[in-house]
>>> print(open('start29.cif').read())   # mmCIF, C-alpha atoms and all ligand atoms
data_start
loop_
_atom_site.label_atom_id
_atom_site.label_comp_id
_atom_site.auth_asym_id
_atom_site.auth_seq_id
_atom_site.Cartn_x
_atom_site.Cartn_y
_atom_site.Cartn_z
CA MET A 10 -5.65 -23.84 -18.26
CA ARG A 11 -2.80 -21.29 -18.24
CA ILE A 12 -1.67 -20.56 -14.67
CA ALA A 13 0.41 -17.79 -13.10
CA ILE A 14 1.78 -18.16 -9.56
CA ALA A 15 2.56 -15.19 -7.32
CA GLY A 16 5.12 -15.59 -4.54
CA ALA A 17 6.66 -18.35 -6.67
CA ASN A 18 9.72 -18.55 -4.40
CA GLY A 19 7.67 -18.80 -1.19
CA ARG A 20 6.68 -21.91 0.80
CA MET A 21 3.27 -22.17 -0.89
CA GLY A 22 4.52 -20.78 -4.21
CA ARG A 23 6.99 -23.65 -4.56
CA MET A 24 4.37 -26.27 -3.68
CA LEU A 25 2.13 -24.72 -6.34
CA VAL A 26 4.83 -24.63 -9.03
CA GLU A 27 5.47 -28.33 -8.40
CA ALA A 28 1.75 -29.20 -8.38
CA VAL A 29 1.08 -27.31 -11.63
CA LEU A 30 4.07 -28.95 -13.35
CA GLU A 31 2.72 -32.37 -12.31
CA SER A 32 -0.82 -31.76 -13.55
CA ALA A 33 -1.77 -32.71 -17.09
CA ASP A 34 -4.46 -30.04 -17.59
CA LEU A 35 -2.61 -26.98 -16.20
CA GLU A 36 0.29 -25.08 -17.75
CA LEU A 37 2.65 -22.79 -15.83
CA VAL A 38 2.94 -19.60 -17.92
CA ALA A 39 4.11 -16.99 -15.40
CA ALA A 40 5.78 -16.82 -11.98
CA LEU A 41 5.91 -13.61 -9.95
CA GLY A 42 8.44 -12.57 -7.34
CA ILE A 43 9.13 -9.21 -5.70
CA SER A 44 11.78 -6.76 -6.92
CA GLY A 45 15.05 -7.35 -5.13
CA SER A 46 14.33 -11.00 -4.39
CA PRO A 47 17.38 -13.13 -5.32
CA GLU A 48 15.11 -15.59 -7.16
CA VAL A 49 13.87 -13.00 -9.69
CA GLY A 50 15.42 -13.94 -13.06
CA GLN A 51 15.83 -17.61 -12.06
CA ASP A 52 13.78 -20.39 -13.65
CA ALA A 53 10.67 -21.12 -11.53
CA GLY A 54 11.72 -24.79 -11.35
CA THR A 55 15.28 -24.15 -10.11
CA PHE A 56 14.41 -25.40 -6.59
CA LEU A 57 13.36 -28.72 -8.18
CA GLY A 58 16.46 -28.89 -10.39
CA ARG A 59 14.12 -28.47 -13.38
CA ASP A 60 14.06 -26.07 -16.29
CA THR A 61 10.45 -25.01 -16.87
CA GLY A 62 11.19 -22.23 -19.37
CA VAL A 63 9.31 -19.80 -17.05
CA LYS A 64 11.50 -17.27 -15.24
CA ILE A 65 10.43 -15.61 -11.98
CA THR A 66 9.69 -11.97 -12.80
CA ASP A 67 8.68 -8.80 -10.95
CA ASP A 68 6.87 -7.52 -14.08
CA LEU A 69 3.10 -7.83 -13.49
CA GLU A 70 2.52 -7.60 -17.26
CA ALA A 71 3.56 -11.28 -17.33
CA LEU A 72 0.03 -11.96 -15.98
CA ALA A 73 -1.32 -11.22 -19.47
CA ARG A 74 -0.20 -14.73 -20.50
CA ALA A 75 -2.38 -16.40 -17.84
CA GLU A 76 -6.06 -17.28 -17.50
CA CYS A 77 -5.79 -17.58 -13.71
CA LEU A 78 -3.40 -16.29 -11.03
CA ILE A 79 -2.87 -18.30 -7.83
CA ASP A 80 -1.70 -15.90 -5.13
CA PHE A 81 -0.23 -16.86 -1.74
CA THR A 82 1.79 -13.78 -0.78
CA ARG A 83 0.95 -10.92 1.61
CA PRO A 84 -2.18 -8.71 1.60
CA GLU A 85 -0.42 -5.71 0.02
CA GLY A 86 1.06 -7.92 -2.70
CA THR A 87 -2.23 -9.70 -3.42
CA LEU A 88 -4.10 -6.40 -3.73
CA ALA A 89 -1.53 -5.04 -6.21
CA HIS A 90 -1.70 -8.28 -8.23
CA LEU A 91 -5.49 -8.15 -8.14
CA GLN A 92 -5.52 -4.69 -9.75
CA ALA A 93 -3.42 -6.09 -12.61
CA CYS A 94 -5.76 -9.12 -12.87
CA VAL A 95 -8.79 -6.83 -13.22
CA ARG A 96 -7.00 -4.73 -15.86
CA LEU A 97 -5.89 -7.80 -17.83
CA GLY A 98 -9.04 -9.93 -17.31
CA VAL A 99 -7.25 -12.70 -15.37
CA LYS A 100 -9.13 -14.82 -12.79
CA CYS A 101 -7.66 -15.20 -9.33
CA VAL A 102 -7.36 -17.78 -6.53
CA ILE A 103 -6.41 -15.97 -3.31
CA GLY A 104 -4.94 -17.99 -0.44
CA THR A 105 -3.25 -15.08 1.30
CA THR A 106 -4.51 -14.36 4.84
CA GLY A 107 -4.34 -11.33 7.12
CA PHE A 108 -6.48 -8.85 5.16
CA ASP A 109 -8.05 -5.92 6.98
CA THR A 110 -11.62 -4.77 6.26
CA ALA A 111 -10.51 -2.45 3.45
CA GLY A 112 -8.55 -5.27 1.83
CA LYS A 113 -11.54 -7.62 1.95
CA HIS A 114 -13.67 -4.87 0.46
CA ALA A 115 -11.17 -4.41 -2.40
CA ILE A 116 -11.42 -8.15 -3.16
CA GLN A 117 -15.22 -7.93 -3.20
CA GLU A 118 -14.99 -4.95 -5.54
CA ALA A 119 -12.58 -6.75 -7.91
CA SER A 120 -15.01 -9.68 -8.08
CA ARG A 121 -17.48 -7.42 -9.91
CA HIS A 122 -15.06 -7.64 -12.86
CA ILE A 123 -13.32 -11.04 -12.59
CA ALA A 124 -13.99 -14.43 -10.99
CA ILE A 125 -12.20 -14.95 -7.66
CA VAL A 126 -11.90 -17.79 -5.15
CA PHE A 127 -10.85 -16.37 -1.78
CA ALA A 128 -10.41 -18.79 1.12
CA PRO A 129 -8.14 -18.85 4.17
CA ASN A 130 -7.70 -22.59 3.85
CA MET A 131 -7.83 -24.58 0.61
CA SER A 132 -7.79 -28.05 2.20
CA VAL A 133 -10.84 -30.27 1.84
CA GLY A 134 -10.51 -31.35 5.48
CA VAL A 135 -10.63 -27.84 6.94
CA ASN A 136 -13.63 -26.93 4.81
CA ALA A 137 -15.43 -30.06 6.02
CA VAL A 138 -14.55 -29.03 9.59
CA LEU A 139 -16.07 -25.57 8.99
CA LYS A 140 -19.34 -27.31 8.12
CA LEU A 141 -19.13 -29.58 11.18
CA LEU A 142 -18.54 -26.56 13.41
CA GLY A 143 -21.80 -24.95 12.33
CA MET A 144 -23.64 -28.13 13.31
CA ALA A 145 -21.76 -28.48 16.62
CA ALA A 146 -22.35 -24.83 17.51
CA ARG A 147 -26.09 -25.17 16.97
CA LEU A 148 -26.23 -28.34 19.10
CA LEU A 149 -23.98 -26.93 21.83
CA GLU A 150 -25.11 -23.30 22.03
CA SER A 151 -26.03 -23.25 25.68
CA GLY A 152 -23.76 -24.41 28.51
CA TYR A 153 -20.60 -24.75 26.40
CA ASP A 154 -17.59 -22.43 26.19
CA VAL A 155 -15.95 -22.31 22.77
CA GLU A 156 -12.19 -21.89 22.47
CA VAL A 157 -10.19 -21.87 19.21
CA PHE A 158 -6.52 -22.90 19.31
CA GLU A 159 -4.11 -22.77 16.38
CA ALA A 160 -0.42 -23.61 15.98
CA HIS A 161 1.84 -22.79 13.02
CA HIS A 162 5.48 -22.54 11.97
CA ARG A 163 7.72 -19.80 13.35
CA ASN A 164 7.66 -17.78 10.08
CA LYS A 165 3.93 -17.14 9.99
CA VAL A 166 3.29 -13.38 10.24
CA ASP A 167 -0.47 -13.09 10.96
CA ALA A 168 -2.43 -14.23 14.01
CA PRO A 169 -4.85 -15.73 14.67
CA SER A 170 -4.60 -17.68 11.40
CA GLY A 171 -7.18 -17.02 8.70
CA THR A 172 -8.48 -20.53 9.34
CA ALA A 173 -8.91 -19.91 13.08
CA LEU A 174 -10.86 -16.75 12.26
CA ALA A 175 -13.05 -18.68 9.80
CA MET A 176 -13.67 -21.31 12.50
CA GLY A 177 -14.68 -18.60 14.97
CA GLU A 178 -16.93 -17.06 12.32
CA ALA A 179 -18.59 -20.43 11.63
CA VAL A 180 -19.50 -20.74 15.31
CA ALA A 181 -20.52 -17.08 15.71
CA SER A 182 -22.68 -17.21 12.60
CA ALA A 183 -24.45 -20.39 13.82
CA TRP A 184 -25.23 -18.42 16.99
CA GLY A 185 -26.50 -15.43 14.96
CA LYS A 186 -23.62 -13.23 16.23
CA ASN A 187 -20.77 -11.17 14.76
CA LEU A 188 -17.43 -12.66 15.72
CA GLU A 189 -15.96 -9.20 16.48
CA ASP A 190 -18.61 -8.70 19.20
CA ILE A 191 -17.89 -11.95 21.06
CA ALA A 192 -14.20 -12.72 20.42
CA ASP A 193 -11.68 -12.77 23.28
CA TRP A 194 -8.48 -12.33 21.27
CA ALA A 195 -6.03 -12.70 24.15
CA ARG A 196 -5.84 -13.17 27.93
CA HIS A 197 -3.16 -12.00 30.30
CA GLY A 198 -3.03 -11.10 33.98
CA HIS A 199 -6.20 -10.73 36.08
CA THR A 200 -8.79 -11.44 33.38
CA GLY A 201 -11.84 -11.98 35.57
CA VAL A 202 -14.10 -14.97 34.91
CA ARG A 203 -14.89 -16.07 31.41
CA GLN A 204 -17.96 -14.48 29.80
CA ASP A 205 -20.79 -16.71 28.56
CA GLY A 206 -21.21 -16.78 24.79
CA HIS A 207 -17.70 -15.56 24.03
CA ILE A 208 -15.19 -17.31 21.75
CA GLY A 209 -11.59 -17.39 23.03
CA PHE A 210 -8.55 -17.57 20.74
CA SER A 211 -5.05 -18.81 21.48
CA VAL A 212 -2.05 -19.07 19.23
CA ALA A 213 1.27 -20.98 19.18
CA ARG A 214 4.20 -20.42 16.80
CA GLY A 215 7.17 -22.73 16.51
CA GLY A 216 9.55 -24.64 14.27
CA ASP A 217 8.19 -25.94 10.97
CA LEU A 218 4.67 -26.87 12.11
CA VAL A 219 2.48 -26.85 8.98
CA GLY A 220 -0.83 -25.99 10.70
CA ASP A 221 -2.98 -27.35 13.54
CA HIS A 222 -6.43 -26.10 14.52
CA THR A 223 -8.66 -27.26 17.39
CA VAL A 224 -12.04 -25.92 18.43
CA TYR A 225 -13.06 -26.89 21.98
CA PHE A 226 -16.65 -26.96 23.19
CA CYS A 227 -16.17 -27.11 26.97
CA GLY A 228 -19.18 -28.06 29.07
CA THR A 229 -19.74 -29.36 32.58
CA GLY A 230 -18.01 -32.68 33.05
CA GLU A 231 -17.14 -33.04 29.35
CA ARG A 232 -15.56 -31.37 26.35
CA ILE A 233 -15.72 -31.93 22.61
CA GLU A 234 -12.63 -31.22 20.52
CA ILE A 235 -12.76 -30.84 16.74
CA THR A 236 -9.23 -30.92 15.33
CA HIS A 237 -7.60 -30.61 11.93
CA ARG A 238 -3.87 -31.18 11.48
CA ALA A 239 -2.10 -30.46 8.19
CA GLY A 240 0.85 -32.75 7.57
CA SER A 241 1.96 -31.15 4.31
CA ARG A 242 1.26 -28.00 2.27
CA ALA A 243 0.37 -30.30 -0.64
CA THR A 244 -3.23 -30.29 0.64
CA TYR A 245 -3.41 -26.49 0.20
CA ALA A 246 -1.79 -26.70 -3.25
CA GLN A 247 -4.17 -29.39 -4.50
CA GLY A 248 -7.16 -27.42 -3.20
CA SER A 249 -5.88 -24.31 -4.98
CA LEU A 250 -5.65 -26.16 -8.31
CA ARG A 251 -9.20 -27.38 -7.77
CA ALA A 252 -10.25 -23.76 -7.20
CA ALA A 253 -8.52 -22.64 -10.42
CA ARG A 254 -10.31 -25.35 -12.42
CA TYR A 255 -13.62 -24.27 -10.84
CA LEU A 256 -13.00 -20.69 -12.02
CA ALA A 257 -12.58 -21.86 -15.63
CA ARG A 258 -16.39 -21.99 -15.77
CA LYS A 259 -16.97 -18.59 -14.11
CA GLU A 260 -16.83 -15.11 -15.64
CA LYS A 261 -17.05 -13.00 -12.48
CA GLY A 262 -18.06 -13.22 -8.82
CA LEU A 263 -16.60 -14.04 -5.41
CA PHE A 264 -16.47 -17.69 -4.35
CA ASP A 265 -14.98 -19.66 -1.45
CA MET A 266 -13.83 -23.26 -1.05
CA GLN A 267 -17.28 -24.32 0.10
CA ASP A 268 -18.51 -23.24 -3.36
CA VAL A 269 -15.65 -25.07 -5.06
CA LEU A 270 -16.32 -28.27 -3.10
CA ALA A 271 -20.11 -27.86 -3.30
CA ILE A 272 -20.51 -28.51 0.45
N1 LIG A 301 -5.37 -20.44 2.03
C1 LIG A 301 -4.56 -21.45 2.36
O1 LIG A 301 -4.88 -22.64 2.22
C2 LIG A 301 -3.19 -21.11 2.87
C3 LIG A 301 -2.83 -19.81 3.05
N2 LIG A 301 -1.55 -19.48 3.36
C4 LIG A 301 -1.25 -18.06 3.38
O2 LIG A 301 -0.48 -17.77 2.21
C5 LIG A 301 0.40 -16.68 2.48
C6 LIG A 301 1.82 -17.09 2.09
O3 LIG A 301 2.26 -18.13 2.95
P1 LIG A 301 3.72 -18.78 2.75
O4 LIG A 301 3.87 -19.32 1.38
O5 LIG A 301 3.93 -19.67 3.91
O6 LIG A 301 4.64 -17.46 2.90
P2 LIG A 301 6.11 -17.21 2.37
O7 LIG A 301 6.65 -16.07 3.18
O8 LIG A 301 6.88 -18.48 2.31
O9 LIG A 301 5.89 -16.72 0.86
C7 LIG A 301 5.36 -15.47 0.56
C8 LIG A 301 5.73 -15.14 -0.87
O10 LIG A 301 5.18 -13.88 -1.20
C9 LIG A 301 6.24 -12.99 -1.55
N3 LIG A 301 5.90 -11.66 -1.07
C10 LIG A 301 6.10 -11.14 0.17
N4 LIG A 301 5.63 -9.88 0.22
C11 LIG A 301 5.14 -9.60 -1.01
C12 LIG A 301 4.55 -8.45 -1.59
N5 LIG A 301 4.36 -7.34 -0.90
N6 LIG A 301 4.18 -8.52 -2.88
C13 LIG A 301 4.36 -9.63 -3.59
N7 LIG A 301 4.92 -10.76 -3.11
C14 LIG A 301 5.30 -10.73 -1.82
C15 LIG A 301 7.48 -13.55 -0.91
O11 LIG A 301 8.64 -13.09 -1.59
P3 LIG A 301 10.05 -13.04 -0.80
O12 LIG A 301 10.26 -14.40 -0.20
O13 LIG A 301 11.06 -12.70 -1.88
O14 LIG A 301 9.90 -12.00 0.26
C16 LIG A 301 7.23 -15.03 -1.09
O15 LIG A 301 7.53 -15.42 -2.39
C17 LIG A 301 0.19 -16.33 3.95
O16 LIG A 301 -0.74 -15.27 4.03
C18 LIG A 301 -0.41 -17.60 4.54
O17 LIG A 301 -1.18 -17.36 5.68
C19 LIG A 301 -0.59 -20.41 3.54
C20 LIG A 301 -0.90 -21.74 3.42
C21 LIG A 301 -2.22 -22.21 3.09
O1 LIG A 302 0.59 -19.45 7.02
C1 LIG A 302 0.32 -20.67 6.93
O2 LIG A 302 1.19 -21.55 6.92
C2 LIG A 302 -1.09 -21.05 6.84
N1 LIG A 302 -1.98 -20.10 6.72
C3 LIG A 302 -3.37 -20.26 6.55
C4 LIG A 302 -4.12 -19.57 7.69
O3 LIG A 302 -3.72 -18.48 8.11
O4 LIG A 302 -5.13 -20.11 8.12
C5 LIG A 302 -3.79 -21.68 6.31
C6 LIG A 302 -2.96 -22.72 6.98
O5 LIG A 302 -3.33 -22.80 8.31
C7 LIG A 302 -1.47 -22.48 6.81
#
>>> encode(input="start29.cif", output="structure tokens")
Amino acid sequence: MRIAIAGANGRMGRMLVEAVLESADLELVAALGISGSPEVGQDAGTFLGRDTGVKITDDLEALARAECLIDFTRPEGTLAHLQACVRLGVKCVIGTTGFDTAGKHAIQEASRHIAIVFAPNMSVGVNAVLKLLGMAARLLESGYDVEVFEAHHRNKVDAPSGTALAMGEAVASAWGKNLEDIADWARHGHTGVRQDGHIGFSVARGGDLVGDHTVYFCGTGERIEITHRAGSRATYAQGSLRAARYLARKEKGLFDMQDVLAI
């Protein structure tokens, strides 16, 4: 399968370039960077000391060479790339987080024309946790306060993480609620007592932390903690390649990692 990678000089982009180069069934055919970035014009494998023959380019027409784009950039970048994918008939794996409602709607709209996997976390472990959370939330609906905590590296720009939001949504949906209606996004000063049935969020940023998520179910005299810790971005890269291979069999439609993993 012919793969393009957007944000090829980013943290995830580099993991993906390396993972594609190491896989026997995938071929790197294009690497996108943004205009003005010092890496544009360099070989996509320069950071590995390798010559791949694929130069990082800011020309979206390079996508025409690919069957599938893997995009871990920023919402505005992903949406621009997605327009080119629709025009050129290229499938898309979207790992970018931080979309607003209009952005999510644009992805849904694009999926009427091309096949897309869109997921805030590509790791198998996190997607298994999302399933476990639905079960825990149903068992612990009454008498338990749910709190979602996430911690990431100092360069992350969106909060709470897309994964933390998906975890909150998994609990809210098991309770038959909309997350927006029951989320406590932050607390500061005289907050008053905690409201029953709400989901609290808290966020830490520091150093090079890859990504930790914990959901607490706090009851009387006990608490349950469901935690996922990522030790390396390789887990996201491998999940993304799995998503691209899944799309090889799809013409159009919007899928998530639960679809890819059939869980
Ligand atoms: N779904 C998942 O499993 C995961 C999702 N993510 C998400 O992926 C995204 C990227 O994360 P990460 O790799 O750490 O971020 P980085 O900042 O390391 O990389 C972002 C890349 O996108 C490029 N970029 C920035 N703005 C634009 C734009 N407007 N248009 C096109 N390209 C742009 C950057 O170029 P330059 O450096 O030149 O500015 C860089 O190459 C985030 O939203 C993050 O939350 C991250 C890990 C796992
Ligand atoms: O920015 C990151 O690093 C990560 N972002 C994703 C998110 O927002 O959930 C996934 C993972 O936690 C790493």
>>> residues_around(input="start29.cif", residues="Pro84 (chain A)", least_positions_apart="2", cutoff="7 Å", atoms="only C-alpha atoms", output="ChimeraX atom specification")
/A:82,86-88,105-108
>>> closest_residue(input="start29.cif", among="A:Arg74, A:Arg254, A:Lys259, A:Arg163", to="ligand LIG 302 (chain A)", atoms="all atoms listed in the file")
A:Arg163
>>> residues_around(input="start29.cif", residues="Trp194 (chain A)", least_positions_apart="4", cutoff="9 Å", atoms="only C-alpha atoms", output="ChimeraX atom specification")
/A:169,208-211
>>> residues_near_ligand(input="start29.cif", ligand="ligand LIG 301 (chain A)", cutoff="6 Å", atoms="all atoms listed in the file", output="VMD selection string")
chain A and resid 16 to 22 42 to 43 46 81 to 83 85 to 86 104 to 106 128 to 131 245
>>> residues_around(input="start29.cif", residues="Val63 (chain A)", least_positions_apart="4", cutoff="9 Å", atoms="only C-alpha atoms", output="NGL selection string")
:A and (37-40 or 51-54)
>>> closest_residue(input="start29.cif", among="A:Glu178, A:Asp167, A:Glu159, A:Asp68", to="Arg238 (chain A)", atoms="all atoms listed in the file")
A:Glu159
>>> axis_aligned_box(input="start29.cif", around="ligand LIG 302 (chain A)", padding_each_side="5 Å", output="AutoDock Vina command-line options")
--center_x -2.0 --center_y -20.6 --center_z 7.3 --size_x 16.3 --size_y 14.3 --size_z 12.0
>>> atom_distance(input="start29.cif", atom1="CA of Gly98 (chain A)", atom2="atom O2 of ligand LIG 302 (chain A)")
28.8 Å
>>> residues_near_ligand(input="start29.cif", ligand="ligand LIG 302 (chain A)", cutoff="7 Å", atoms="only C-alpha atoms and all ligand atoms", output="list in words")
Thr106, Pro129, Asn130, His161, His162, Lys165, Asp167, Ser170, Gly171, Thr172, Ala173, Val219, Gly220 and Asp221 of chain A
>>> closest_residue(input="start29.cif", among="A:Ile191, A:Ala115, A:Ser249, A:Ile65", to="Arg203 (chain A)", atoms="all atoms listed in the file")
A:Ile191
>>> atom_distance(input="start29.cif", atom1="CA of Val135 (chain A)", atom2="CA of Arg23 (chain A)")
21.5 Å
>>> closest_residue(input="start29.cif", among="A:Ala246, A:Ala145, A:Met10, A:Ala192", to="Met24 (chain A)", atoms="all atoms listed in the file")
A:Ala246
>>> atom_distance(input="start29.cif", atom1="CA of Asn136 (chain A)", atom2="CA of Leu256 (chain A)")
18.0 Å
>>> residues_around(input="start29.cif", residues="His207 (chain A)", least_positions_apart="5", cutoff="10 Å", atoms="all atoms listed in the file", output="PDB file with C-alpha atoms, keeping the file's coordinate frame")
ATOM      1  CA  TYR A 153     -20.600 -24.750  26.400  1.00  0.00           C
ATOM      2  CA  ASP A 154     -17.590 -22.430  26.190  1.00  0.00           C
ATOM      3  CA  VAL A 155     -15.950 -22.310  22.770  1.00  0.00           C
ATOM      4  CA  GLU A 156     -12.190 -21.890  22.470  1.00  0.00           C
ATOM      5  CA  ALA A 181     -20.520 -17.080  15.710  1.00  0.00           C
ATOM      6  CA  LEU A 188     -17.430 -12.660  15.720  1.00  0.00           C
ATOM      7  CA  ASP A 190     -18.610  -8.700  19.200  1.00  0.00           C
ATOM      8  CA  ILE A 191     -17.890 -11.950  21.060  1.00  0.00           C
ATOM      9  CA  ALA A 192     -14.200 -12.720  20.420  1.00  0.00           C
ATOM     10  CA  ASP A 193     -11.680 -12.770  23.280  1.00  0.00           C
TER      11      ASP A 193
END
